[in-house]
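Notes follow the structure.
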There are 2 protein chains.
Amino acid sequence: MTDESKVGESRRAFLRGTVAAGAGLVAGTTAARAATPDPLITEIQDYASSTGDAVDAVPYGMPIKYENHVVRGYVEWLTESPISSINFTPIHALEGTITPQGCAFERHHSGAIEMTKGEYRLMINGLVDTPLVFTFEDLMRFPRRTMTAFCECAANGGMEWGGAQLEGCQYTQGMIHNMEYTGVMLKDLLAEAGVQPEGKWIYAEGHDASSNGRSMPLEKAMDDVMVAFFANGEALRKEHGYPVRLVVPGFEGNMWVKWLRRIGVYHAAVESREETSKYTDLMPDGKARKWTWVMDAKSVITSPSPQAPIRHGSGPLVITGLAWSGHGKITRVDISVDGGKTWAPARLAGEPQSKALTRFHYDMNWDGSEMIIMSRAIDETGYVQPTKDQLRAIRGTNNVYHNNSIQPWWVHANGEVENVEIA
Amino acid sequence: MTDESKVGESRRAFLRGTVAAGAGLVAGTTAARAATPDPLITEIQDYASSTGDAVDAVPYGMPIKYENHVVRGYVEWLTESPISSINFTPIHALEGTITPQGCAFERHHSGAIEMTKGEYRLMINGLVDTPLVFTFEDLMRFPRRTMTAFCECAANGGMEWGGAQLEGCQYTQGMIHNMEYTGVMLKDLLAEAGVQPEGKWIYAEGHDASSNGRSMPLEKAMDDVMVAFFANGEALRKEHGYPVRLVVPGFEGNMWVKWLRRIGVYHAAVESREETSKYTDLMPDGKARKWTWVMDAKSVITSPSPQAPIRHGSGPLVITGLAWSGHGKITRVDISVDGGKTWAPARLAGEPQSKALTRFHYDMNWDGSEMIIMSRAIDETGYVQPTKDQLRAIRGTNNVYHNNSIQPWWVHANGEVENVEIA
């Protein structure tokens with residue numbers, strides 16, 4: 001476990017040390033500063049002697065230009081076309097638990113379409129007493145709910161199944177985002193239509209050309225599934241399904257149908273393309289395991305990581321990352337800095353929410369030698385995030401989806417970080 | 001209180017009614033739809049027969065063009081220059097509790113300045129054992145915390161003190177935002193410098209030219225004040241103090257110093273311009289009440305409101321709004337639809353957090369006649385949001401700051417909403 005007093009001691013040493021080292025860091029007594037004056041303190045800067053941007057300059061703001069590397073990433077060779085592909089959240093550079101919509105990963109099956117609220121229609125049909133069609137305005141008249149939930153692509157980490165491959169947690173674990181959604185509960189809309197006793201499954205599909213339809217048991221639809229129109233306080237962005245998407249807490253992202261067009265109620269699953277040839281798990285015996293909707297507990301250290309190396313040398317180091325579980329709340333995250341030999345609990349930021357991202361921090365003193373760092377999530381069901389070998393022992397090596405194994409990072413003495421695989 | 005069963009009954013009536021009325025709403029049985037086919041359902045639309053935007057189209061997204069009215073508003077006549085002025089969060093069009101950074105209100109005293117992380121320095125001096133200067137990288141090495149807090153300008157609602165004046169809650173109550181912040185605790189930095197026993201106050205000031213410095217008791221600084229660098233998961237935007245701002249939960253926005261430059265520790269308050277000639281309350285006897293830092297409990301109905309009129313006619317209506325208290329958690333919000341004669345509790349969305357915005361909803365059936373709607377917040381101290389007259393009885397009519405009174409909206413029979421004042 002972190003020895004807080006030792007961290008404090010070492011930090012004071014690093015604050016003193018940095019002056020002598022002549023690094024970019026300036027700290028210490030007034031006398032020390034006088035010996036090496038820092039013009040950023042002793043000279044009046046432009047930004048302190050003139051005025052800045054007016055409040056009517058930008059009605060809707062963007063991140064400052066110095067942060068323009070914190071953007072979604074796209075890996076060209078991963079898919080045949082960017083129309084049916086994915087991009088990645090820059091999780092290595094984010095903090096807290098909320099993912100801004102502007103940099104939250106996207107997955108499209110035929111591109112992000114553009115429709116107006118006026119054009120929008122949602123149909124509920126199949127085994128219902130009264131087939132219904134809702135306009136956007138109709139939906140806004142139902143009781144609203146707010147919830148925070150993570151959306152993770154089933155293929156998140158999929159490229160790593162066979163071995164360490166991509167450099168940076170943005171690409172190995174960045175098919176995830178976490179937003180505060182507001183909308184209406186699907187169960188309220190289904191109640192309006194009146195589900196008939198034979199109705200046991202629903203089938204959700206989008207307005208886009210992809211026919212990305214997914215089935216789910218009626219129990220889930222009547223539990224916590226939301227028909228959402230706001231994310232992080234404002235309207236859904238175009239790439240996240242404007243004006244209406246499905247939010248299916250804990251379930252794989254493919255089921256969070258965007259530009260939601262229709263909910264059909266049926267006696268059985270539809271067995272569509274996306275739930276037979278895709279989004280199933282190829283087991284060692286050649287059979288496909290299907291209906292693997294719930295995303296198991298997982299975590300990743302976002303910094304330090306290959307895209308976020310240590311640039312400050314030895315001394316106090318903040319290790320931070322994200323943990324989540326489709327089965328409920330994260331109860332603990334353990335950290336290892338010795339490749340899994342010993343573990344110590346991380347601090348969880350705030351009260352963990354069910355089926356939402358939880359931020360963790362681990363404060364340590366780094367002695368400057370190489371380490372292999374790992375995080376391990378535990379959820380309220382008692383489930384412990386497995387190693388890659390543990391996962392392979394059960395699921396074989398032919399898989400693409402549902403890789404929730406522990407991610408080790410190799411921290412070199414020079415602070416560079418590499419994606420590695422250990423037993 | 002809302003009669004849920006009655007709402008359900010009326011909603012079914014409205015769903016049936018809308019077909020007959022031939023409005024934009026389409027609902028009912030298949031037969032009913034067949035009689036008046038909706039081409040948005042029966043015809044294949046462009047967005048369903050072609051592909052949309054690729055995942056490499058926009059590395060950092062913006063809201064869809066159809067939402068370009070949901071932006072910060074600026075009232076030209078309010079101040080002499082937009083350099084030292086304010087703009088307003090479009091709270092009438094937002095939902096949930098998080099305010100996106102891009103449309104969160106700004107208040108500058110000399111404009112939003114632009115500085116790099118490399119240029120950034122934070123000095124702690126005054127009555128400390130070791131004066132210290134931190135670079136941005138130094139700050140990133142201290143233990144990090146995450147918290148959600150509202151930031152409200154002391155002048156929020158100030159124009160309404162003398163009477164109903166502005167149309168739209170964006171302008172009457174929109175000097176507020178609510179974000180998830182990550183940073184380090186000021187108490188940890190102060191501990192590093194070592195506060196001397198005579199140090200009883202701190203003074204915080206920014207890097208910009210305005211010299212907007214504010215004093216606060218050491219107790220607050222050692223409690224929950226944060227030196228923040230992330231908001232809603234990503235770096236602070238330029239207009240919110242990039243790279244570092246102060247977060248002072250529950251206290252008026254002016255104290256949340258942006259582009260934070262220096263924390264001085266002193267035996268007494270500095271009594272700067274912004275805490276003597278400004279940000280004090282002019283009482284009926286001509287004296288100025290100062291140190292009115294904590295924002296009292298307040299709420300506002302964001303929809304319906306003058307900028308968000310009712311366009312759907314009578315039947316189910318969702319009333320929604322925001323409540324907050326600088327003293328802790330919101331425990332209840334009451335709604336009146338008869339100008340304050342009777343009140344009924346609203347639903348609070350999620351678990352209210354201390355010193356953060358709480359969303360409330362109230363589901364009702366509107367019979368189409370005019371109403372005067374109001375919300376009233378109650379916080380965990382038992383404090384009840386006052387009427388404007390109750391506030392004036394204590395604080396007189398010369399004030400600008402700290403108007404936390406109840407906001408009535410007059411809903412006309414045609415659904416238009418007007419800002420009114422009632423006893």
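FYI, nothing fancy with the structure tokens labels: chains A, B, ... in order, residues from 1 per chain, ligands from 1 as they appear.
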Could you go through region 209-286 of chain A and tell me which residues DSSP, when run on the backbone, assigns to strand (DSSP E), listing them as number ranges by chain?
A: 214-217, 226-231, 234-235, 245-247, 260-266, 281-282
Output N, CA and C atoms for every residue in the selection just made, as a tab-separated table (two decimals), in the first residue's frame.
chain	number	residue	atom	x	y	z
A	214	ARG	N	-30.17	-5.47	-33.10
A	214	ARG	CA	-29.79	-6.37	-32.03
A	214	ARG	C	-31.00	-6.78	-31.21
A	215	SER	N	-31.00	-8.03	-30.79
A	215	SER	CA	-32.05	-8.59	-29.94
A	215	SER	C	-31.61	-8.52	-28.48
A	216	MET	N	-32.56	-8.37	-27.61
A	216	MET	CA	-32.25	-8.55	-26.18
A	216	MET	C	-33.50	-9.03	-25.46
A	217	PRO	N	-33.28	-9.74	-24.35
A	217	PRO	CA	-34.44	-10.26	-23.63
A	217	PRO	C	-35.32	-9.13	-23.11
A	226	MET	N	-32.50	2.76	-21.62
A	226	MET	CA	-32.99	4.13	-21.80
A	226	MET	C	-33.02	4.51	-23.28
A	227	VAL	N	-34.05	5.24	-23.65
A	227	VAL	CA	-34.12	5.88	-24.96
A	227	VAL	C	-33.65	7.31	-24.71
A	228	ALA	N	-32.40	7.59	-25.08
A	228	ALA	CA	-31.73	8.81	-24.62
A	228	ALA	C	-31.65	9.86	-25.70
A	229	PHE	N	-31.78	11.12	-25.30
A	229	PHE	CA	-31.59	12.22	-26.26
A	229	PHE	C	-30.55	13.24	-25.81
A	230	PHE	N	-30.12	13.18	-24.56
A	230	PHE	CA	-29.08	14.09	-24.08
A	230	PHE	C	-27.89	13.27	-23.57
A	231	ALA	N	-26.69	13.79	-23.76
A	231	ALA	CA	-25.49	13.18	-23.18
A	231	ALA	C	-24.60	14.29	-22.65
A	234	GLU	N	-26.15	18.00	-22.89
A	234	GLU	CA	-26.62	18.61	-24.14
A	234	GLU	C	-27.12	17.53	-25.11
A	235	ALA	N	-27.65	17.96	-26.23
A	235	ALA	CA	-28.14	17.00	-27.22
A	235	ALA	C	-27.03	16.03	-27.61
A	245	ARG	N	-30.69	7.73	-29.23
A	245	ARG	CA	-30.00	6.45	-29.22
A	245	ARG	C	-30.49	5.61	-28.04
A	246	LEU	N	-30.17	4.32	-28.12
A	246	LEU	CA	-30.45	3.43	-27.01
A	246	LEU	C	-29.25	3.42	-26.06
A	247	VAL	N	-29.52	3.43	-24.77
A	247	VAL	CA	-28.49	3.26	-23.76
A	247	VAL	C	-28.81	1.96	-23.03
A	260	LEU	N	-32.06	5.57	-33.32
A	260	LEU	CA	-33.00	4.47	-33.04
A	260	LEU	C	-34.30	4.62	-33.84
A	261	ARG	N	-34.63	3.58	-34.60
A	261	ARG	CA	-35.74	3.64	-35.54
A	261	ARG	C	-36.94	2.80	-35.09
A	262	ARG	N	-36.63	1.61	-34.54
A	262	ARG	CA	-37.73	0.70	-34.27
A	262	ARG	C	-37.37	-0.24	-33.13
A	263	ILE	N	-38.37	-0.51	-32.32
A	263	ILE	CA	-38.29	-1.57	-31.30
A	263	ILE	C	-39.38	-2.58	-31.66
A	264	GLY	N	-38.97	-3.76	-32.07
A	264	GLY	CA	-39.94	-4.81	-32.34
A	264	GLY	C	-40.01	-5.76	-31.15
A	265	VAL	N	-41.20	-6.17	-30.80
A	265	VAL	CA	-41.36	-7.14	-29.71
A	265	VAL	C	-41.68	-8.50	-30.32
A	266	TYR	N	-40.90	-9.53	-29.98
A	266	TYR	CA	-41.04	-10.84	-30.60
A	266	TYR	C	-41.02	-11.95	-29.56
A	281	ASP	N	-18.46	-15.15	-29.62
A	281	ASP	CA	-17.10	-15.53	-29.24
A	281	ASP	C	-16.77	-16.92	-29.76
A	282	LEU	N	-15.74	-16.99	-30.62
A	282	LEU	CA	-15.33	-18.27	-31.20
A	282	LEU	C	-14.51	-19.05	-30.18
Residues at most 8 Å from region 93-107 of chain B, counting only C-alpha atoms, excluding those fewer than 2 positions away in the same chain, as a compact mmCIF listing (two decimals) with C-alpha atoms, in the first residue's frame?
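After the write, part-v3.txt holds the following:
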# COMPACT_ATOMS: atom_id res chain seq x y z
CA VAL A 55 -17.06 36.85 -23.79
CA PRO A 59 -20.50 31.17 -28.41
CA TYR A 60 -19.58 27.48 -28.30
CA GLY A 61 -16.00 26.73 -27.32
CA MET A 62 -13.47 24.13 -28.34
CA PRO A 100 -16.49 14.65 -23.38
CA THR A 146 -30.77 10.68 -15.83
CA GLU A 180 -24.38 11.23 -18.24
CA TYR A 181 -27.47 10.38 -20.29
CA THR A 182 -30.97 11.81 -20.03
CA PHE A 230 -29.08 14.09 -24.08
CA ALA A 231 -25.49 13.18 -23.18
CA ASN A 232 -23.37 15.16 -20.73
CA GLY A 233 -26.15 17.73 -20.47
CA GLU A 234 -26.62 18.61 -24.14
CA ALA A 235 -28.14 17.00 -27.22
CA VAL B 70 -27.73 26.10 -27.87
CA VAL B 71 -24.85 28.47 -27.22
CA ARG B 72 -23.68 30.95 -24.65
CA SER B 84 -14.85 42.58 -18.71
CA SER B 85 -18.23 40.95 -18.91
CA ILE B 86 -20.23 37.77 -18.73
CA ASN B 87 -22.06 35.36 -20.96
CA PHE B 88 -24.78 32.91 -20.06
CA THR B 89 -25.18 29.14 -20.11
CA PRO B 90 -28.14 28.03 -22.29
CA ILE B 91 -29.70 26.22 -19.33
CA HIS B 109 -12.35 40.74 -15.80
CA CYS B 153 -21.64 34.10 -10.39
CA GLY B 174 -27.72 31.17 -16.53
CA MET B 175 -24.56 32.43 -14.84
CA ILE B 176 -23.99 28.93 -13.56
CA HIS B 177 -22.25 25.76 -14.64
CA ASN B 178 -21.59 22.38 -13.11
CA MET B 179 -18.57 20.28 -14.01
CA GLU B 180 -16.62 17.28 -12.85
CA ALA B 231 -13.09 19.65 -16.22
CA ASN B 232 -15.56 17.05 -17.48
CA LEU B 236 -9.83 23.10 -18.86
CA ARG B 237 -10.84 25.19 -21.85
CA GLU B 239 -12.10 30.46 -21.19
CA HIS B 240 -12.29 28.41 -17.99
CA THR B 302 -35.51 25.49 -17.12
CA SER B 303 -38.39 24.11 -19.23
CA ALA B 308 -38.61 26.88 -24.07
CA LEU B 322 -32.06 22.70 -11.64
CA ALA B 349 -32.70 12.80 -10.76
CA LEU B 357 -26.38 20.91 -9.47
CA THR B 358 -29.33 18.60 -8.91
CA ARG B 359 -31.79 18.02 -11.76
Write out as a PDB file with C-alpha atoms, in the first residue's frame the residues lying within 10 Å of Gln45 (chain B), counting only C-alpha atoms and excluding same-chain residues fewer than 5 positions away.
ATOM      1  CA  MET A 115     -31.308  13.720 -39.424  1.00  0.00           C
ATOM      2  CA  GLU A 119     -37.729  13.849 -39.383  1.00  0.00           C
ATOM      3  CA  HIS A 207     -32.374   4.624 -39.049  1.00  0.00           C
ATOM      4  CA  ASP A 208     -29.018   4.272 -40.820  1.00  0.00           C
ATOM      5  CA  ALA A 209     -28.417   2.009 -43.799  1.00  0.00           C
TER       6      ALA A 209
ATOM      7  CA  PRO B  39     -43.620   9.297 -45.755  1.00  0.00           C
ATOM      8  CA  LEU B  40     -40.922   9.402 -43.088  1.00  0.00           C
ATOM      9  CA  SER B  50     -26.497   5.983 -48.370  1.00  0.00           C
TER      10      SER B  50
END
Provide the CA of Trp409 (chain A) to CA of Gly158 (chain A) distance in Å, to one decimal place.
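Separation between CA of Trp409 (chain A) and CA of Gly158 (chain A): 17.0 Å.
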Any idea what's packed within 9 Å of Phe142 (chain B), counting only C-alpha atoms, ignoring anything in its chain fewer than 6 positions away? Could you give it as a PyMOL selection string?
(chain A and resi 11+316-318+363) or (chain B and resi 183-185+188-189)
Export, as a CSV table (one decimal), in the first residue's frame, the selected residues with N, CA, C and O atoms.
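This went into out_8.csv:
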chain,number,residue,atom,x,y,z
A,11,ARG,N,8.6,14.0,-1.8
A,11,ARG,CA,8.2,15.1,-2.6
A,11,ARG,C,9.0,16.3,-2.2
A,11,ARG,O,9.4,17.1,-3.1
A,316,PRO,N,8.0,11.5,-6.7
A,316,PRO,CA,6.5,11.2,-6.6
A,316,PRO,C,5.9,11.0,-8.0
A,316,PRO,O,6.3,11.7,-9.0
A,317,LEU,N,5.1,10.0,-8.1
A,317,LEU,CA,4.5,9.6,-9.4
A,317,LEU,C,3.1,9.3,-9.1
A,317,LEU,O,2.7,8.6,-8.2
A,318,VAL,N,2.2,9.8,-9.9
A,318,VAL,CA,0.8,9.5,-9.9
A,318,VAL,C,0.4,8.5,-10.9
A,318,VAL,O,0.6,8.8,-12.1
A,363,ASP,N,-0.7,6.7,-5.6
A,363,ASP,CA,0.4,7.6,-5.4
A,363,ASP,C,1.6,6.9,-4.9
A,363,ASP,O,1.5,6.2,-3.9
B,183,GLY,N,-8.1,17.6,-10.0
B,183,GLY,CA,-6.9,18.4,-9.7
B,183,GLY,C,-6.3,17.9,-8.4
B,183,GLY,O,-6.5,16.8,-8.0
B,184,VAL,N,-5.6,18.8,-7.7
B,184,VAL,CA,-5.0,18.5,-6.4
B,184,VAL,C,-5.6,19.4,-5.4
B,184,VAL,O,-6.1,20.5,-5.7
B,185,MET,N,-5.6,19.0,-4.2
B,185,MET,CA,-6.2,19.8,-3.1
B,185,MET,C,-5.3,20.9,-2.7
B,185,MET,O,-4.1,20.6,-2.5
B,188,ASP,N,-3.0,20.3,0.2
B,188,ASP,CA,-1.8,19.5,0.1
B,188,ASP,C,-0.6,20.4,-0.4
B,188,ASP,O,0.5,20.2,0.0
B,189,LEU,N,-0.9,21.4,-1.2
B,189,LEU,CA,0.1,22.3,-1.6
B,189,LEU,C,0.5,23.2,-0.5
B,189,LEU,O,1.7,23.5,-0.3
At a cut-off of 7 Å, using only C-alpha atoms, what residues contact Arg121 (chain A)? Leave out same-chain residues fewer than 6 positions from it and give the result as a PyMOL selection string.
chain A and resi 133-136+261
Coordinates-based distance that separates CA of Val270 (chain B) from CA of Tyr203 (chain B) (Å, one decimal)
6.9 Å
